[in-house]
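Here's the structure, in structure tokens; my notes come after.
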Amino acid sequence: MNKEESVALIRDLSNANGVSGFEDEVVRVATDYVQPYAQVTEDHMRNLRIDRHGNTQIKPQLQLDAHSDEVGYMIQAIKPNGTMRFVTVGGQAAVTLPAHKVRIRNNQGDYIPGIITSTPPHFMTAEERRTLPPVSALTIDVGATSADEVRDKFGIDIGAPAVPAVDFEYIAQSDVMMGKAFDNRIGTALLLQTIKELAEKELAVDVVGSLSSQEEVGERGAQVMVRKIKPDLAIVFEGAPADDTVMPDYMIQTGMHRGPMLRDFDTSIIASPRFQALALKTAKDNGIKVQRSVRTGGGNDGAVINLYAGAPTIVISVPVRFAHTAYCYVAYDDYAAAKKLAVALIEGLTPETIAAL
């Protein structure tokens with residue numbers, strides 16, 4: 001794997017604007033990258049079906065899934081003073097929002113800079129200094145002074161999507177990447193580069209990728225794609241929230257620089273035990289560090305795929321520090337290990353191992 005190419009792809013995907021329902025920029029980056037290695041079809045939900053070059057149409061269907069959307073915001077109302085009320089799209093905590101810069105998509109499709117407001121300390125009461133404002137008390141400000149100016153000069157109206165205004169950076173000292181939307185642009189990069197790696201190879205399966213939209217609002221794109229692909233087995237690529245800054249040592253299951261995380265359980269899915277065991281054996285045989293997790297919350301596209309015709313499904317995740325906030329970290333070595341595991345696992349599949357799942 002060419003590291004420079006991988007980092008450039010992750011950069012382009014992270015920088016792309018793509019809150020749920022508005023994944024157009026992400027789809028363009030993904031299509032441009034993977035078209036030499038697969039047949040790509042886009043539907044009206046902005047889902048991508050990616051059929052690897054070399055598929056036979058007669059072998060078991062292996063679905064590789066990643067979701068393309070990111071958490072963000074949508075304009076709910078424009079106040080007379082030109083600030084805008086908004087709702088969150090996808091799960092976020094109000095404590096992470098105030099004073100962050102955002103980009104708002106206007107009616108012409110251009111992204112306009114703005115700020116999620118915070119009351120200057122000069123005007124806060126003693127009680128306000130101790131109280132966390134709810135999202136309903138926050139607004140987005142683009143520097144306008146009236147609702148008419150927001151609509152007429154900026155071209156922004158109700159329903160406009162917005163995302164954090166964060167530019168990707170690679171930090172050489174720690175071999176760590178910083179940016180927005182690593183949940184799940186890091187999984188998107190894994191999907192695309194895995195399909196590139198497998199193009200034209202002789203495999204026991206036909207590999208079909210699904211870059212699914214709107215996962216952050218209920219796995220909506222995956223519900224469409226699984227019915228189109230009708231998989232016999234599936235691997236889901238995710239950017240999972242890292243826990244190494246918040247958990248005691250013995251509870252860390254998704255730490256940076258510790259390899260990809262294989263999820264055994266969350267509130268939406270129990271990973272296929274036999275497929276999970278095969279993935280763990282593959283990691284051991286290839287000297288790949290991995291982590292396992294049992295979660296009391298969470299959810300992902302794997303839940304949708306797993307429930308479809310009982311397709312054995314596992315989830316390979318790259319740890320993401322501060323997921324669902326504006327700024328995230330991912331260790332490059334975790335990403336590289338996840339890709340190595342995915343490729344080795346798929347190349348090692350045989351009719352016998354598939355039948356045993």
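How things are named: the first chain in the structure tokens is A, the next is B, and so on; residues count from 1 in each chain; ligands count from 1 in the order shown.
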Contacts of region 168-173 of chain A within 8 Å, only C-alpha atoms, excl. fewer than 5 positions in-chain, as a PyMOL selection string: chain A and resi 7+11+14-15+178-180
Alpha helix (DSSP H) positions in region 66-179 of chain A, given as a PyMOL selection string: chain A and resi 126-130+147-152
May I have the residues from that selection written out with C-alpha atoms, as a PDB file, in the first residue's frame?
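Done, and the output landed in part-v1.pdb:
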ATOM      1  CA  ALA A 126     -23.078  33.887  36.739  1.00  0.00           C
ATOM      2  CA  GLU A 127     -25.658  31.146  36.188  1.00  0.00           C
ATOM      3  CA  GLU A 128     -25.016  31.041  32.421  1.00  0.00           C
ATOM      4  CA  ARG A 129     -21.299  30.542  33.051  1.00  0.00           C
ATOM      5  CA  ARG A 130     -22.141  27.355  34.965  1.00  0.00           C
ATOM      6  CA  ALA A 147     -33.071  37.433   7.771  1.00  0.00           C
ATOM      7  CA  ASP A 148     -33.401  39.085   4.355  1.00  0.00           C
ATOM      8  CA  GLU A 149     -29.626  39.414   4.113  1.00  0.00           C
ATOM      9  CA  VAL A 150     -29.166  35.721   4.924  1.00  0.00           C
ATOM     10  CA  ARG A 151     -31.590  34.751   2.150  1.00  0.00           C
ATOM     11  CA  ASP A 152     -30.782  37.391  -0.480  1.00  0.00           C
TER      12      ASP A 152
END
DSSP-assigned strand (DSSP E or B) among region 24-147 of chain A, expressed as a ChimeraX atom specification: /A:38-42,48-52,61-67,70,72-78,84-89,101-105,111-116,140-141
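For region 85-100 of chain A, the residues within 6 Å (counting only C-alpha atoms, excluding itself and residues fewer than 3 positions away along the chain) are Val71, Gly72, Tyr73, Met74, Ile75, Gln76, Ala77, Ile115, Ile116, Thr117, Ser118, Pro134, Val135, Thr139, Glu216, Val217 and His324 of chain A.
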Surrounding residues of region 336-346 of chain A excluding itself and chain neighbours under 6 positions, 10 Å, only C-alpha atoms, as a PyMOL selection string: chain A and resi 1-3+6+62+64+187+189-191+193-195+197-198+203-205+207+235+237+257-262+275+278-290+316-318
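Between Thr119 (chain A) and the candidates A:Ile58, A:Val226, A:Ile50, A:Leu138, the tightest atom-to-atom separation, counting only C-alpha atoms, involves A:Leu138.
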Long-range neighbours of Pro312 (chain A) as a PyMOL selection string, 8 Å cut-off, only C-alpha atoms, 2 positions minimum in chain: chain A and resi 232-234+271-272+275+306+310+314+357
Point-to-point distance from CA of Gln35 (chain A) to CA of Ala311 (chain A), Å rounded to tenths: 26.9 Å
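Minimum distance to Ser213 (chain A) across A:Asn47, A:Thr56, A:Gln61, A:Thr41 (counting only C-alpha atoms) occurs at A:Asn47.
Proximity of A:Ala331, A:Val26, A:Ile78, A:Val246 to Ala181 (chain A), computed with only C-alpha atoms, is greatest for A:Val26.
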Glu219 (chain A) surroundings by only C-alpha atoms, 10 Å radius, close-in-sequence under 2 positions cut, as a VMD selection string: chain A and resid 67 212 to 217 221 to 224 299 to 305
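Taking only C-alpha atoms into account, Asp69 (chain A) lies nearest to A:Glu23 out of the set A:Glu23, A:Asp266, A:Asp243, A:Asp32.
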Non-local contacts of Asp175 (chain A) (9 Å; only C-alpha atoms; under 6 positions in same chain excluded) as a PyMOL selection string: chain A and resi 330-333
Top pick for closest residue to Ala242 (chain A), considering A:Ile186, A:Ala323, A:Ala356, A:Ala277 and counting only C-alpha atoms: A:Ala323
